[in-house]
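Peer 1: Would you mind keeping the following structure in view while I ask a few things?
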Amino acid sequence: MSEEKKWNQTLGVWEGNKAIGVDLSEIPKPLYIFGYGSLCWKPEKEFLNYKKFNAQTAGWKRLFVQLSKDHRGTPENPGIVSTALSDSELEQHGLRKTSDPPSILHGVVYAIPDSDVQTVLDLLDFREKGGYTRVIVDAFPLNSTANNNNNN
């Protein structure tokens, strides 16, 4: 699913790239998007109408360690942005022990209507500009009223 990335100097964005990982044939229905960074505090306007709830997932940790050439920097001077690393990735880099309890990552889950799935995935591919991988995770609501919450 990955396409070659090309930097557009005029627009200051990466072009022609899609997320790697889960392809469209593997997308669960219904689709819930778990956001752990800017989707929590700066969602696209399209997300404002979707049902959402605060949630957490186990086995992942948010770190500010990813270099970005378009969100917080340029190709010549990358900036640092938030990323999520799995516990196994943290272990590979010596950032956690296998005996540690699972990491917990808090975020927001958006319920995506079936009619909007392709549009939302395309929007995220552009928004994240190659900086993310699609992964299916189990996310759990942080409160018992999660299924009734909308826009809070």
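Ligands are numbered from 1 in the order shown, residues from 1 within each chain, and chains are lettered A, B, ... in the order they appear in the structure tokens.
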Env of A:Ser88: 12 Å cut, atoms = only C-alpha atoms, seq-sep filter 4 positions within chain, self excluded. Answer as a list in words.
Peer 2: Ala58, Gly59, Trp60, Lys61, Ala84, Gln92, His93, Gly94, Leu95, Arg96, Lys97, Thr98, Ser99, Asp100, Pro102 and Ser103 of chain A
Peer 1: Please provide the set of residues having any atom within 9 Å of A:Ala111, restricted to only C-alpha atoms, with same-chain residues fewer than 3 positions apart removed, written as a list in words.
Peer 2: Pro30, Leu31, Tyr32, Ile33, Tyr50, Lys51, Lys52 and Phe53 of chain A
Peer 1: Restricting the output to C-alpha atoms, write the selected residues as a PDB file, in the first residue's frame.
Peer 2:
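Result file follows (out_1.pdb):
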ATOM      1  CA  PRO A  30     -17.404  -0.667  12.037  1.00  0.00           C
ATOM      2  CA  LEU A  31     -14.152   1.312  12.005  1.00  0.00           C
ATOM      3  CA  TYR A  32     -12.955   3.053  15.136  1.00  0.00           C
ATOM      4  CA  ILE A  33      -9.878   5.285  14.886  1.00  0.00           C
ATOM      5  CA  TYR A  50     -18.211  11.722  14.809  1.00  0.00           C
ATOM      6  CA  LYS A  51     -19.111   9.917  18.004  1.00  0.00           C
ATOM      7  CA  LYS A  52     -16.021   9.803  20.228  1.00  0.00           C
ATOM      8  CA  PHE A  53     -14.856   8.653  23.630  1.00  0.00           C
TER       9      PHE A  53
END
Peer 1: Any idea what the distance is between atom CA of A:Leu142 and atom CA of A:Phe34?
Peer 2: 12.9 Å
Peer 1: Of the candidates A:Leu48, A:Leu105, A:Val135, A:Leu90, which shows the shortest atom-to-atom distance to A:Glu26, using only C-alpha atoms?
Peer 2: A:Val135
Peer 1: As a list in words, list the residues of stretch 35-132 of chain A assigned to alpha helix (DSSP H) by DSSP on the backbone atoms of this structure.
Peer 2: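 Here are the alpha helix (DSSP H) residues of stretch 35-132 of chain A: Ser38, Leu39, Cys40, Trp41, Asp87, Ser88, Glu89, Leu90, Glu91, Gln92, Val117, Gln118, Thr119, Val120, Leu121, Asp122, Leu123, Leu124, Asp125, Phe126, Arg127 and Glu128 of chain A.
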Peer 1: Using only C-alpha atoms, which of A:Asn143, A:Asp125, A:Val117, A:Thr133 sits nearest A:Ile27?
Peer 2: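 Of the candidates, the smallest distance to A:Ile27 is held by A:Val117.
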Peer 1: When you count only C-alpha atoms, which of these residues is closest to A:Gln56: A:Arg127, A:Asp114, A:Ser25, A:Tyr36?
Peer 2: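 Looking only at the distances to A:Gln56, the closest residue turns out to be A:Tyr36.
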Peer 1: I'd like the interatomic distance between atom CA of A:Pro141 and atom CA of A:Leu39, to a tenth of an Å.
Peer 2: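 Distance between the two atoms: 16.3 Å.
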Peer 1: Using only C-alpha atoms, which residues sit within 8 Å of A:Gly35 once same-chain residues fewer than 6 positions away are excluded, as a compact mmCIF listing (two decimals) with C-alpha atoms, in the first residue's frame?
Peer 2:
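Done, and the output landed in around_13.txt:
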# COMPACT_ATOMS: atom_id res chain seq x y z
CA GLY A 107 -6.20 8.67 23.56
CA VAL A 108 -9.52 9.33 21.86
CA VAL A 109 -11.54 6.87 19.78
CA TYR A 110 -13.67 8.11 16.89
Peer 1: Given only C-alpha atoms as the basis, pick out the residue of A:Glu89, A:Lys29, A:Val137, A:Pro43 nearest to A:Leu123.
Peer 2: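 Closest to A:Leu123 of all the choices is A:Pro43.
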Peer 1: Between A:Thr119, A:Pro101, A:Leu85, A:Ile80, which one has atoms that come closest to A:Gln66, using only C-alpha atoms?
Peer 2: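 Closest residue, counting only C-alpha atoms: A:Ile80.
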